[in-house]
>>> print(open('input-v1.csv').read())   # CSV, C-alpha atoms and all ligand atoms
chain,number,residue,atom,x,y,z
A,35,MET,CA,98.8,-72.3,-100.2
A,36,LYS,CA,97.7,-75.6,-101.6
A,37,MET,CA,95.9,-78.3,-99.7
A,38,LYS,CA,95.9,-81.9,-100.8
A,39,ALA,CA,94.0,-84.9,-99.3
A,40,ASP,CA,95.7,-88.0,-100.5
A,41,LYS,CA,93.7,-91.2,-100.5
A,42,ILE,CA,92.2,-90.6,-97.1
A,43,LYS,CA,90.0,-93.1,-95.3
A,44,PHE,CA,87.8,-92.3,-92.3
A,45,CYS,CA,85.8,-94.7,-90.1
A,46,TYR,CA,83.4,-94.2,-87.3
A,47,GLN,CA,84.0,-97.3,-85.2
A,48,ASP,CA,84.2,-100.0,-87.8
A,49,THR,CA,82.2,-98.3,-90.5
A,50,ALA,CA,84.2,-96.5,-93.2
A,51,VAL,CA,82.5,-93.2,-94.3
A,52,PHE,CA,84.9,-92.8,-97.3
A,53,ASP,CA,88.0,-94.5,-98.5
A,54,GLU,CA,90.7,-93.6,-101.1
A,55,LEU,CA,89.4,-90.1,-101.3
A,56,SER,CA,91.7,-87.6,-102.9
A,57,LEU,CA,91.1,-83.9,-103.4
A,58,GLU,CA,93.2,-80.8,-104.2
A,59,ILE,CA,92.3,-77.3,-103.2
A,60,GLU,CA,94.1,-74.4,-104.7
A,61,LYS,CA,94.2,-70.7,-103.7
A,62,GLY,CA,91.7,-68.5,-105.5
A,63,LYS,CA,89.3,-71.3,-106.1
A,64,ILE,CA,86.0,-72.3,-104.6
A,65,ILE,CA,85.1,-76.0,-104.4
A,66,SER,CA,81.6,-77.1,-103.5
A,67,LEU,CA,81.3,-80.5,-101.8
A,68,VAL,CA,77.9,-82.0,-102.6
A,69,GLY,CA,76.1,-85.3,-102.1
A,70,PRO,CA,73.2,-86.9,-100.3
A,71,ASN,CA,72.5,-86.6,-96.6
A,72,GLY,CA,74.8,-88.7,-94.5
A,73,ILE,CA,77.3,-89.4,-97.3
A,74,GLY,CA,80.2,-87.8,-95.4
A,75,LYS,CA,80.6,-84.2,-96.4
A,76,SER,CA,80.9,-82.9,-92.8
A,77,THR,CA,83.2,-85.7,-91.9
A,78,LEU,CA,85.4,-84.8,-94.9
A,79,ILE,CA,85.5,-81.1,-93.9
A,80,LYS,CA,86.5,-82.2,-90.4
A,81,CYS,CA,89.3,-84.4,-91.7
A,82,LEU,CA,90.5,-81.5,-93.9
A,83,SER,CA,90.4,-79.2,-90.8
A,84,ASN,CA,92.5,-81.6,-88.8
A,85,ILE,CA,89.6,-82.0,-86.3
A,86,TYR,CA,89.5,-85.7,-87.2
A,87,GLN,CA,92.5,-87.7,-88.2
A,88,ALA,CA,92.2,-89.9,-91.3
A,89,ASP,CA,92.6,-93.6,-90.6
A,90,SER,CA,94.8,-93.9,-93.6
A,91,GLY,CA,96.1,-91.4,-96.1
A,92,PHE,CA,97.2,-87.9,-95.2
A,93,VAL,CA,96.3,-84.2,-95.7
A,94,TYR,CA,99.1,-81.9,-96.9
A,95,LEU,CA,99.4,-78.2,-96.8
A,96,ASP,CA,102.0,-77.0,-99.4
A,97,GLY,CA,103.4,-80.5,-99.3
A,98,LYS,CA,103.7,-80.6,-95.4
A,99,ASN,CA,101.6,-83.2,-93.6
A,100,THR,CA,99.1,-81.3,-91.4
A,101,LEU,CA,99.7,-83.7,-88.5
A,102,SER,CA,103.2,-82.2,-88.3
A,103,ILE,CA,102.1,-78.6,-88.1
A,104,GLU,CA,101.6,-77.0,-84.7
A,105,ALA,CA,97.9,-76.3,-83.9
A,106,LYS,CA,98.4,-72.5,-83.5
A,107,GLU,CA,100.2,-72.3,-86.9
A,108,LEU,CA,97.5,-74.5,-88.5
A,109,ALA,CA,94.8,-72.2,-87.1
A,110,LYS,CA,96.4,-69.3,-89.0
A,111,GLU,CA,96.0,-71.2,-92.3
A,112,LEU,CA,92.7,-73.1,-91.9
A,113,GLY,CA,89.4,-71.4,-91.0
A,114,TYR,CA,86.7,-74.0,-90.2
A,115,VAL,CA,83.1,-73.0,-89.9
A,116,PRO,CA,80.9,-75.8,-88.6
A,117,GLN,CA,77.2,-76.2,-89.1
A,118,THR,CA,75.5,-73.8,-86.8
A,119,GLN,CA,75.3,-75.0,-83.2
A,120,ARG,CA,73.5,-73.4,-80.4
A,121,ASN,CA,75.7,-73.1,-77.3
A,122,SER,CA,74.4,-72.2,-73.9
A,123,PHE,CA,77.5,-70.3,-72.7
A,124,SER,CA,77.2,-66.5,-72.7
A,125,ILE,CA,79.5,-64.6,-75.1
A,126,SER,CA,78.8,-61.5,-77.1
A,127,VAL,CA,78.9,-61.3,-80.9
A,128,TYR,CA,82.0,-59.0,-80.6
A,129,GLU,CA,83.8,-61.4,-78.3
A,130,SER,CA,82.9,-64.4,-80.4
A,131,ILE,CA,84.4,-62.7,-83.5
A,132,LEU,CA,87.5,-61.6,-81.5
A,133,LEU,CA,88.1,-65.3,-80.7
A,134,GLY,CA,89.0,-65.7,-84.3
A,135,ARG,CA,92.1,-63.6,-83.6
A,136,LYS,CA,93.2,-66.0,-80.9
A,137,PRO,CA,96.0,-67.7,-83.0
A,138,TYR,CA,97.6,-64.2,-83.3
A,139,PHE,CA,97.7,-63.0,-79.7
A,140,ASN,CA,98.9,-64.6,-76.5
A,141,TRP,CA,96.8,-63.3,-73.6
A,142,LYS,CA,96.4,-59.7,-74.4
A,143,VAL,CA,94.2,-58.5,-77.3
A,144,ARG,CA,96.0,-56.0,-79.4
A,145,GLN,CA,94.7,-52.8,-81.1
A,146,GLU,CA,95.3,-54.4,-84.4
A,147,ASP,CA,92.9,-57.3,-83.5
A,148,LYS,CA,90.2,-54.9,-82.4
A,149,ILE,CA,90.5,-53.0,-85.7
A,150,ILE,CA,90.2,-56.2,-87.7
A,151,VAL,CA,87.0,-57.2,-85.7
A,152,GLN,CA,85.6,-53.8,-86.3
A,153,GLU,CA,86.2,-54.0,-90.1
A,154,ILE,CA,84.5,-57.4,-90.2
A,155,LEU,CA,81.5,-56.3,-88.2
A,156,GLU,CA,81.0,-53.6,-90.8
A,157,LYS,CA,81.7,-55.8,-93.8
A,158,LEU,CA,79.0,-58.3,-92.7
A,159,ASN,CA,76.6,-55.7,-91.4
A,160,LEU,CA,76.8,-57.0,-87.9
A,161,GLN,CA,77.5,-53.7,-86.0
A,162,LYS,CA,74.0,-53.6,-84.5
A,163,LEU,CA,74.4,-57.1,-83.1
A,164,ALA,CA,77.9,-56.6,-81.6
A,165,GLU,CA,76.8,-56.5,-78.0
A,166,ARG,CA,74.1,-59.2,-78.2
A,167,GLU,CA,74.7,-62.6,-76.8
A,168,VAL,CA,75.3,-65.2,-79.5
A,169,SER,CA,73.1,-67.8,-77.8
A,170,ASN,CA,70.0,-65.5,-78.3
A,171,LEU,CA,70.6,-64.9,-82.0
A,172,SER,CA,68.5,-66.4,-84.8
A,173,GLY,CA,70.0,-69.3,-86.8
A,174,GLY,CA,70.9,-67.1,-89.7
A,175,GLU,CA,72.5,-64.4,-87.5
A,176,MET,CA,74.5,-67.1,-85.7
A,177,GLN,CA,75.7,-68.4,-89.1
A,178,LYS,CA,76.9,-65.0,-90.1
A,179,VAL,CA,78.8,-64.6,-86.8
A,180,ALA,CA,80.5,-68.0,-87.3
A,181,ILE,CA,81.6,-66.8,-90.8
A,182,ALA,CA,82.7,-63.5,-89.3
A,183,ARG,CA,84.9,-65.3,-86.7
A,184,SER,CA,86.6,-67.3,-89.5
A,185,LEU,CA,87.2,-64.1,-91.4
A,186,ALA,CA,88.9,-62.6,-88.3
A,187,GLN,CA,91.2,-65.6,-88.3
A,188,LYS,CA,92.5,-64.5,-91.8
A,189,PRO,CA,93.2,-68.0,-92.9
A,190,SER,CA,94.4,-68.9,-96.4
A,191,ILE,CA,91.9,-71.8,-96.6
A,192,PHE,CA,88.3,-71.7,-95.6
A,193,LEU,CA,86.4,-74.9,-94.8
A,194,LEU,CA,82.8,-74.1,-94.6
A,195,ASP,CA,80.1,-76.6,-93.6
A,196,GLU,CA,76.8,-75.5,-95.2
A,197,PRO,CA,77.5,-71.8,-94.9
A,198,THR,CA,74.1,-70.8,-96.4
A,199,SER,CA,71.8,-73.4,-94.8
A,200,ASN,CA,70.0,-71.0,-92.4
A,201,LEU,CA,70.0,-68.0,-94.6
A,202,ASP,CA,67.2,-66.3,-96.5
A,203,LEU,CA,67.7,-65.3,-100.1
A,204,ASN,CA,69.2,-61.9,-99.4
A,205,HIS,CA,71.7,-63.3,-96.8
A,206,GLN,CA,72.5,-66.3,-99.0
A,207,LEU,CA,73.7,-63.9,-101.8
A,208,GLU,CA,75.5,-61.7,-99.3
A,209,VAL,CA,77.4,-64.6,-97.9
A,210,MET,CA,78.2,-66.1,-101.4
A,211,ASN,CA,79.4,-62.6,-102.5
A,212,ILE,CA,81.8,-62.5,-99.5
A,213,ILE,CA,83.0,-66.0,-100.2
A,214,THR,CA,83.6,-65.1,-103.9
A,215,GLU,CA,85.5,-62.0,-102.7
A,216,LEU,CA,87.7,-64.1,-100.4
A,217,ALA,CA,88.7,-66.3,-103.3
A,218,LYS,CA,88.9,-63.9,-106.1
A,219,GLU,CA,90.3,-60.8,-104.4
A,220,GLU,CA,92.1,-62.2,-101.4
A,221,ASN,CA,93.2,-65.3,-103.1
A,222,ALA,CA,91.9,-67.7,-100.4
A,223,ALA,CA,91.0,-71.3,-101.2
A,224,VAL,CA,87.4,-72.2,-100.2
A,225,VAL,CA,85.8,-75.6,-99.7
A,226,MET,CA,82.2,-75.6,-98.8
A,227,ALA,CA,79.7,-78.4,-98.1
A,228,ILE,CA,76.4,-77.3,-99.6
A,229,HIS,CA,73.0,-78.8,-100.5
A,230,ASP,CA,71.9,-76.0,-102.7
A,231,LEU,CA,73.1,-77.2,-106.1
A,232,ASN,CA,72.1,-74.0,-107.9
A,233,LEU,CA,74.2,-71.9,-105.6
A,234,ALA,CA,77.0,-74.4,-105.9
A,235,ALA,CA,76.8,-74.3,-109.7
A,236,ARG,CA,76.8,-70.6,-109.9
A,237,PHE,CA,79.5,-69.7,-107.4
A,238,SER,CA,82.0,-72.6,-107.6
A,239,ASP,CA,85.0,-73.2,-109.8
A,240,TYR,CA,84.7,-76.9,-109.2
A,241,ILE,CA,82.3,-79.4,-107.8
A,242,PHE,CA,83.2,-82.5,-105.8
A,243,LEU,CA,80.3,-84.9,-105.7
A,244,ILE,CA,80.3,-87.8,-103.3
A,245,ALA,CA,77.8,-89.8,-105.2
A,246,GLU,CA,77.9,-92.9,-103.1
A,247,LYS,CA,80.5,-94.6,-100.9
A,248,GLY,CA,83.7,-94.8,-102.9
A,249,LYS,CA,82.3,-92.9,-106.0
A,250,TYR,CA,83.6,-89.4,-106.4
A,251,ILE,CA,82.8,-87.2,-109.4
A,252,SER,CA,84.7,-83.9,-109.7
A,253,GLY,CA,84.8,-81.3,-112.4
A,254,LYS,CA,83.1,-78.1,-113.5
A,255,ALA,CA,79.4,-77.8,-112.6
A,256,GLU,CA,78.3,-78.6,-116.2
A,257,GLU,CA,80.3,-81.8,-116.1
A,258,VAL,CA,79.1,-83.0,-112.7
A,259,PHE,CA,75.5,-81.8,-112.6
A,260,THR,CA,74.1,-83.9,-115.4
A,261,GLU,CA,70.7,-85.4,-115.5
A,262,GLU,CA,72.2,-88.9,-115.3
A,263,ASN,CA,74.5,-88.1,-112.3
A,264,MET,CA,71.7,-86.4,-110.4
A,265,GLU,CA,69.3,-89.3,-110.9
A,266,ALA,CA,71.9,-91.9,-110.0
A,267,THR,CA,73.0,-89.9,-106.9
A,268,TYR,CA,69.8,-88.5,-105.5
A,269,GLY,CA,67.1,-90.7,-107.0
A,270,VAL,CA,65.5,-87.7,-108.5
A,271,LYS,CA,64.8,-86.8,-112.2
A,272,VAL,CA,66.0,-83.3,-112.8
A,273,GLU,CA,65.8,-80.9,-115.7
A,274,ILE,CA,68.8,-78.7,-116.4
A,275,VAL,CA,67.8,-75.3,-117.5
A,276,GLU,CA,69.9,-72.4,-118.8
A,277,SER,CA,69.5,-69.1,-117.1
A,278,SER,CA,71.3,-65.8,-117.5
A,279,LYS,CA,73.5,-66.7,-114.6
A,280,GLY,CA,74.3,-70.2,-115.7
A,281,MET,CA,72.7,-73.6,-115.2
A,282,LEU,CA,69.7,-74.3,-112.9
A,283,ILE,CA,69.0,-77.8,-111.6
A,284,MET,CA,65.2,-78.3,-111.4
A,285,PRO,CA,64.0,-81.3,-109.5
A,286,ILE,CA,61.1,-82.8,-111.4
A,287,GLU,CA,60.1,-86.1,-109.7
A,288,LEU,CA,61.4,-89.0,-107.7
A,289,SER,CA,62.8,-91.8,-109.9
A,290,SER,CA,60.5,-94.8,-110.0
B,301,LIG,N1,80.1,-89.1,-84.4
B,301,LIG,C1,79.7,-90.0,-85.2
B,301,LIG,N2,79.6,-91.3,-84.8
B,301,LIG,C2,79.2,-92.3,-85.6
B,301,LIG,N3,78.7,-92.1,-86.9
B,301,LIG,C3,78.7,-90.8,-87.3
B,301,LIG,C4,79.2,-89.7,-86.5
B,301,LIG,N4,79.0,-88.5,-87.2
B,301,LIG,C5,78.5,-88.9,-88.4
B,301,LIG,N5,78.3,-90.2,-88.4
B,301,LIG,C6,77.7,-91.0,-89.6
B,301,LIG,O1,78.7,-90.8,-90.7
B,301,LIG,C7,78.0,-90.7,-91.9
B,301,LIG,C8,78.4,-89.4,-92.6
B,301,LIG,O2,78.0,-88.3,-91.8
B,301,LIG,P1,78.2,-86.8,-92.2
B,301,LIG,O3,77.6,-85.9,-91.1
B,301,LIG,O4,79.6,-86.6,-92.5
B,301,LIG,O5,77.4,-86.7,-93.5
B,301,LIG,P2,76.9,-85.4,-94.4
B,301,LIG,O6,77.1,-85.7,-95.8
B,301,LIG,O7,77.6,-84.2,-93.9
B,301,LIG,O8,75.4,-85.3,-94.1
B,301,LIG,P3,74.3,-84.1,-94.1
B,301,LIG,O9,74.2,-83.7,-95.6
B,301,LIG,O10,73.0,-84.8,-93.7
B,301,LIG,O11,74.7,-83.0,-93.2
B,301,LIG,C9,76.5,-90.7,-91.6
B,301,LIG,O12,76.1,-92.0,-91.8
B,301,LIG,C10,76.4,-90.4,-90.1
B,301,LIG,O13,75.3,-91.0,-89.5
>>> encode(input="input-v1.csv", output="structure tokens", more="lines below")
Ligand SMILES: Nc1ncnc2c1ncn2[C@@H]1O[C@H](COP(=O)(O)OP(=O)(O)OP(=O)(O)O)[C@@H](O)[C@H]1O
Amino acid sequence: MKMKADKIKFCYQDTAVFDELSLEIEKGKIISLVGPNGIGKSTLIKCLSNIYQADSGFVYLDGKNTLSIEAKELAKELGYVPQTQRNSFSISVYESILLGRKPYFNWKVRQEDKIIVQEILEKLNLQKLAEREVSNLSGGEMQKVAIARSLAQKPSIFLLDEPTSNLDLNHQLEVMNIITELAKEENAAVVMAIHDLNLAARFSDYIFLIAEKGKYISGKAEEVFTEENMEATYGVKVEIVESSKGMLIMPIELSS
């Protein structure tokens, strides 16, 4: 499965967030979407997920315009994980993950769906939380449940909005390992908006930097995360350091 955004433009009221933005996402690859606060990463993820419709340009799945694909069929291909939101309605962790199976059953949950949820609870070490209400979980626990729900959906493309933002070091690595496994072993395509440039550099095949409105820089981490690009984009002088696991981006000081 291949996704392609072709010269898309999206506006809130009269203000364009981005324009002429093109992006290709291939199976087996992880793309990190990075850029300053408010630049449009979440909006782009929503356009790719078909939650928002681009004002011009289109998003294609294997050459087919996503607007022409039925919602239930699209839900089998695209797994969208939003930034964690606290909802007040009561639903257990188990039920929340089971909802990921909704595109596959009509009104009656099948044995097969329960087995998949059970496997995912184990994979993400969530068994102990299965009966807890989602609304009472910590931010990090909630984030893992949202990821678990998208895994239950078994999509071929994952669209993740800041999947590690609420997670401690241990859980960040756990989630990044799961994301890597999805891409490398299950051949899924992954697009994730992420602020942690070091995690992005280490775990992505490609980086897509929205540097400023209309300025997109894409390529391998070493090509995109240069001292010049970082200072121009974030207004911060950085030092690029080599570590045993690849490059590290060290913020040094604000540009004068
Ligand atoms: N529903 C909305 N109505 C109007 N403007 C919006 C809406 N949602 C977002 N925006 C604006 O659109 C721009 C892009 O927002 P978006 O959330 O996509 O950025 P982001 O790069 O994901 O930011 P962050 O890194 O802070 O999460 C921002 O200026 C934001 O204020």
>>> closest_residue(input="input-v1.csv", among="A:Ser278, A:Gln119, A:Ser238, A:Gln145", to="A:Asn200", atoms="only C-alpha atoms")
A:Gln119
>>> closest_residue(input="input-v1.csv", among="A:Leu243, A:Ala227, A:Met35, A:Ala234", to="A:Thr267", atoms="only C-alpha atoms")
A:Leu243
>>> residues_near_point(input="input-v1.csv", point="(83.6, -74.7, -93.3)", cutoff="10 Å", atoms="only C-alpha atoms", output="PyMOL selection string")
chain A and resi 76+79-80+82-83+112-117+180-181+184+191-197+224-228
>>> write_last_selection(input="input-v1.csv", atoms="C-alpha atoms", output="mmCIF file, in the frame of the given file")
data_model
loop_
_atom_site.group_PDB
_atom_site.id
_atom_site.type_symbol
_atom_site.label_atom_id
_atom_site.label_comp_id
_atom_site.auth_asym_id
_atom_site.auth_seq_id
_atom_site.Cartn_x
_atom_site.Cartn_y
_atom_site.Cartn_z
ATOM 1 C CA SER A 76 80.900 -82.900 -92.800
ATOM 2 C CA ILE A 79 85.500 -81.100 -93.900
ATOM 3 C CA LYS A 80 86.500 -82.200 -90.400
ATOM 4 C CA LEU A 82 90.500 -81.500 -93.900
ATOM 5 C CA SER A 83 90.400 -79.200 -90.800
ATOM 6 C CA LEU A 112 92.700 -73.100 -91.900
ATOM 7 C CA GLY A 113 89.400 -71.400 -91.000
ATOM 8 C CA TYR A 114 86.700 -74.000 -90.200
ATOM 9 C CA VAL A 115 83.100 -73.000 -89.900
ATOM 10 C CA PRO A 116 80.900 -75.800 -88.600
ATOM 11 C CA GLN A 117 77.200 -76.200 -89.100
ATOM 12 C CA ALA A 180 80.500 -68.000 -87.300
ATOM 13 C CA ILE A 181 81.600 -66.800 -90.800
ATOM 14 C CA SER A 184 86.600 -67.300 -89.500
ATOM 15 C CA ILE A 191 91.900 -71.800 -96.600
ATOM 16 C CA PHE A 192 88.300 -71.700 -95.600
ATOM 17 C CA LEU A 193 86.400 -74.900 -94.800
ATOM 18 C CA LEU A 194 82.800 -74.100 -94.600
ATOM 19 C CA ASP A 195 80.100 -76.600 -93.600
ATOM 20 C CA GLU A 196 76.800 -75.500 -95.200
ATOM 21 C CA PRO A 197 77.500 -71.800 -94.900
ATOM 22 C CA VAL A 224 87.400 -72.200 -100.200
ATOM 23 C CA VAL A 225 85.800 -75.600 -99.700
ATOM 24 C CA MET A 226 82.200 -75.600 -98.800
ATOM 25 C CA ALA A 227 79.700 -78.400 -98.100
ATOM 26 C CA ILE A 228 76.400 -77.300 -99.600
#
>>> residues_near_ligand(input="input-v1.csv", ligand="ligand LIG 301 (chain B)", cutoff="6 Å", atoms="all atoms listed in the file", output="number ranges by chain")
A: 46, 51, 70-77
>>> closest_atom_pairs(input="input-v1.csv", of="stretch 135-168 of chain A", to="stretch 90-110 of chain A", cutoff="12 Å", atoms="all atoms listed in the file", output="tab-separated table")
residue	atom	partner	partner_atom	distance
A:Arg135	CA	A:Lys110	CA	9.0
A:Lys136	CA	A:Lys106	CA	8.7
A:Pro137	CA	A:Lys106	CA	5.4
A:Tyr138	CA	A:Lys110	CA	7.7
A:Phe139	CA	A:Lys106	CA	10.3
A:Asn140	CA	A:Lys106	CA	10.6
>>> residues_around(input="input-v1.csv", residues="A:Glu54", least_positions_apart="2", cutoff="9 Å", atoms="only C-alpha atoms", output="ChimeraX atom specification")
/A:40-43,52,56,90-91,248
>>> closest_residue(input="input-v1.csv", among="A:Glu111, A:Leu78, A:Phe259, A:Asp89", to="A:Thr49", atoms="only C-alpha atoms")
A:Asp89
>>> closest_residue(input="input-v1.csv", among="A:Cys45, A:Ala39, A:Glu175, A:Thr260", to="A:Leu57", atoms="all atoms listed in the file")
A:Ala39
>>> residues_around(input="input-v1.csv", residues="A:Met264", least_positions_apart="5", cutoff="12 Å", atoms="all atoms listed in the file", output="ChimeraX atom specification")
/A:68-70,231,243-246,251,255-259,269-274,283-289
>>> atom_distance(input="input-v1.csv", atom1="atom CA of A:Gln206", atom2="atom CA of A:Gln177")
10.6 Å
>>> closest_residue(input="input-v1.csv", among="A:Lys188, A:Arg183, A:Lys279, A:Arg120", to="A:Glu167", atoms="only C-alpha atoms")
A:Arg120
>>> residues_around(input="input-v1.csv", residues="A:Lys162", least_positions_apart="3", cutoff="12 Å", atoms="all atoms listed in the file", output="ChimeraX atom specification")
/A:126-128,152,155-156,158-159,165-167,175
>>> closest_residue(input="input-v1.csv", among="A:Lys247, A:Lys61, A:Lys157, A:His229", to="A:Val179", atoms="all atoms listed in the file")
A:Lys157
>>> atom_distance(input="input-v1.csv", atom1="atom CA of A:Glu262", atom2="atom CA of A:Ser66")
19.2 Å
>>> build_atoms(input="input-v1.csv", residues="stretch 229-244 of chain A", atoms="N, CA and C atoms", output="PDB file, in the frame of the given file")
ATOM      1  N   HIS A 229      74.118 -77.979 -99.859  1.00  0.00           N
ATOM      2  CA  HIS A 229      73.000 -78.800-100.500  1.00  0.00           C
ATOM      3  C   HIS A 229      72.397 -78.065-101.642  1.00  0.00           C
ATOM      4  N   ASP A 230      72.507 -76.733-101.667  1.00  0.00           N
ATOM      5  CA  ASP A 230      71.900 -76.000-102.700  1.00  0.00           C
ATOM      6  C   ASP A 230      72.702 -76.079-104.007  1.00  0.00           C
ATOM      7  N   LEU A 231      72.270 -76.957-104.913  1.00  0.00           N
ATOM      8  CA  LEU A 231      73.100 -77.200-106.100  1.00  0.00           C
ATOM      9  C   LEU A 231      73.145 -76.020-107.032  1.00  0.00           C
ATOM     10  N   ASN A 232      72.106 -75.198-107.001  1.00  0.00           N
ATOM     11  CA  ASN A 232      72.100 -74.000-107.900  1.00  0.00           C
ATOM     12  C   ASN A 232      73.131 -72.986-107.402  1.00  0.00           C
ATOM     13  N   LEU A 233      73.208 -72.789-106.091  1.00  0.00           N
ATOM     14  CA  LEU A 233      74.200 -71.900-105.600  1.00  0.00           C
ATOM     15  C   LEU A 233      75.612 -72.455-105.848  1.00  0.00           C
ATOM     16  N   ALA A 234      75.737 -73.771-105.654  1.00  0.00           N
ATOM     17  CA  ALA A 234      77.000 -74.400-105.900  1.00  0.00           C
ATOM     18  C   ALA A 234      77.442 -74.217-107.369  1.00  0.00           C
ATOM     19  N   ALA A 235      76.494 -74.447-108.297  1.00  0.00           N
ATOM     20  CA  ALA A 235      76.800 -74.300-109.700  1.00  0.00           C
ATOM     21  C   ALA A 235      77.233 -72.897-110.068  1.00  0.00           C
ATOM     22  N   ARG A 236      76.543 -71.948-109.484  1.00  0.00           N
ATOM     23  CA  ARG A 236      76.800 -70.600-109.900  1.00  0.00           C
ATOM     24  C   ARG A 236      78.109 -70.011-109.281  1.00  0.00           C
ATOM     25  N   PHE A 237      78.426 -70.410-108.059  1.00  0.00           N
ATOM     26  CA  PHE A 237      79.500 -69.700-107.400  1.00  0.00           C
ATOM     27  C   PHE A 237      80.827 -70.560-107.285  1.00  0.00           C
ATOM     28  N   SER A 238      80.809 -71.807-107.754  1.00  0.00           N
ATOM     29  CA  SER A 238      82.000 -72.600-107.600  1.00  0.00           C
ATOM     30  C   SER A 238      82.859 -72.710-108.826  1.00  0.00           C
ATOM     31  N   ASP A 239      84.147 -72.900-108.636  1.00  0.00           N
ATOM     32  CA  ASP A 239      85.000 -73.200-109.800  1.00  0.00           C
ATOM     33  C   ASP A 239      84.925 -74.687-110.088  1.00  0.00           C
ATOM     34  N   TYR A 240      84.835 -75.492-109.028  1.00  0.00           N
ATOM     35  CA  TYR A 240      84.700 -76.900-109.200  1.00  0.00           C
ATOM     36  C   TYR A 240      83.731 -77.531-108.225  1.00  0.00           C
ATOM     37  N   ILE A 241      83.182 -78.670-108.642  1.00  0.00           N
ATOM     38  CA  ILE A 241      82.300 -79.400-107.800  1.00  0.00           C
ATOM     39  C   ILE A 241      82.931 -80.746-107.455  1.00  0.00           C
ATOM     40  N   PHE A 242      82.774 -81.158-106.191  1.00  0.00           N
ATOM     41  CA  PHE A 242      83.200 -82.500-105.800  1.00  0.00           C
ATOM     42  C   PHE A 242      81.986 -83.206-105.270  1.00  0.00           C
ATOM     43  N   LEU A 243      81.497 -84.155-106.052  1.00  0.00           N
ATOM     44  CA  LEU A 243      80.300 -84.900-105.700  1.00  0.00           C
ATOM     45  C   LEU A 243      80.627 -86.220-105.082  1.00  0.00           C
ATOM     46  N   ILE A 244      80.199 -86.417-103.822  1.00  0.00           N
ATOM     47  CA  ILE A 244      80.300 -87.800-103.300  1.00  0.00           C
ATOM     48  C   ILE A 244      78.997 -88.445-103.617  1.00  0.00           C
TER      49      ILE A 244
END
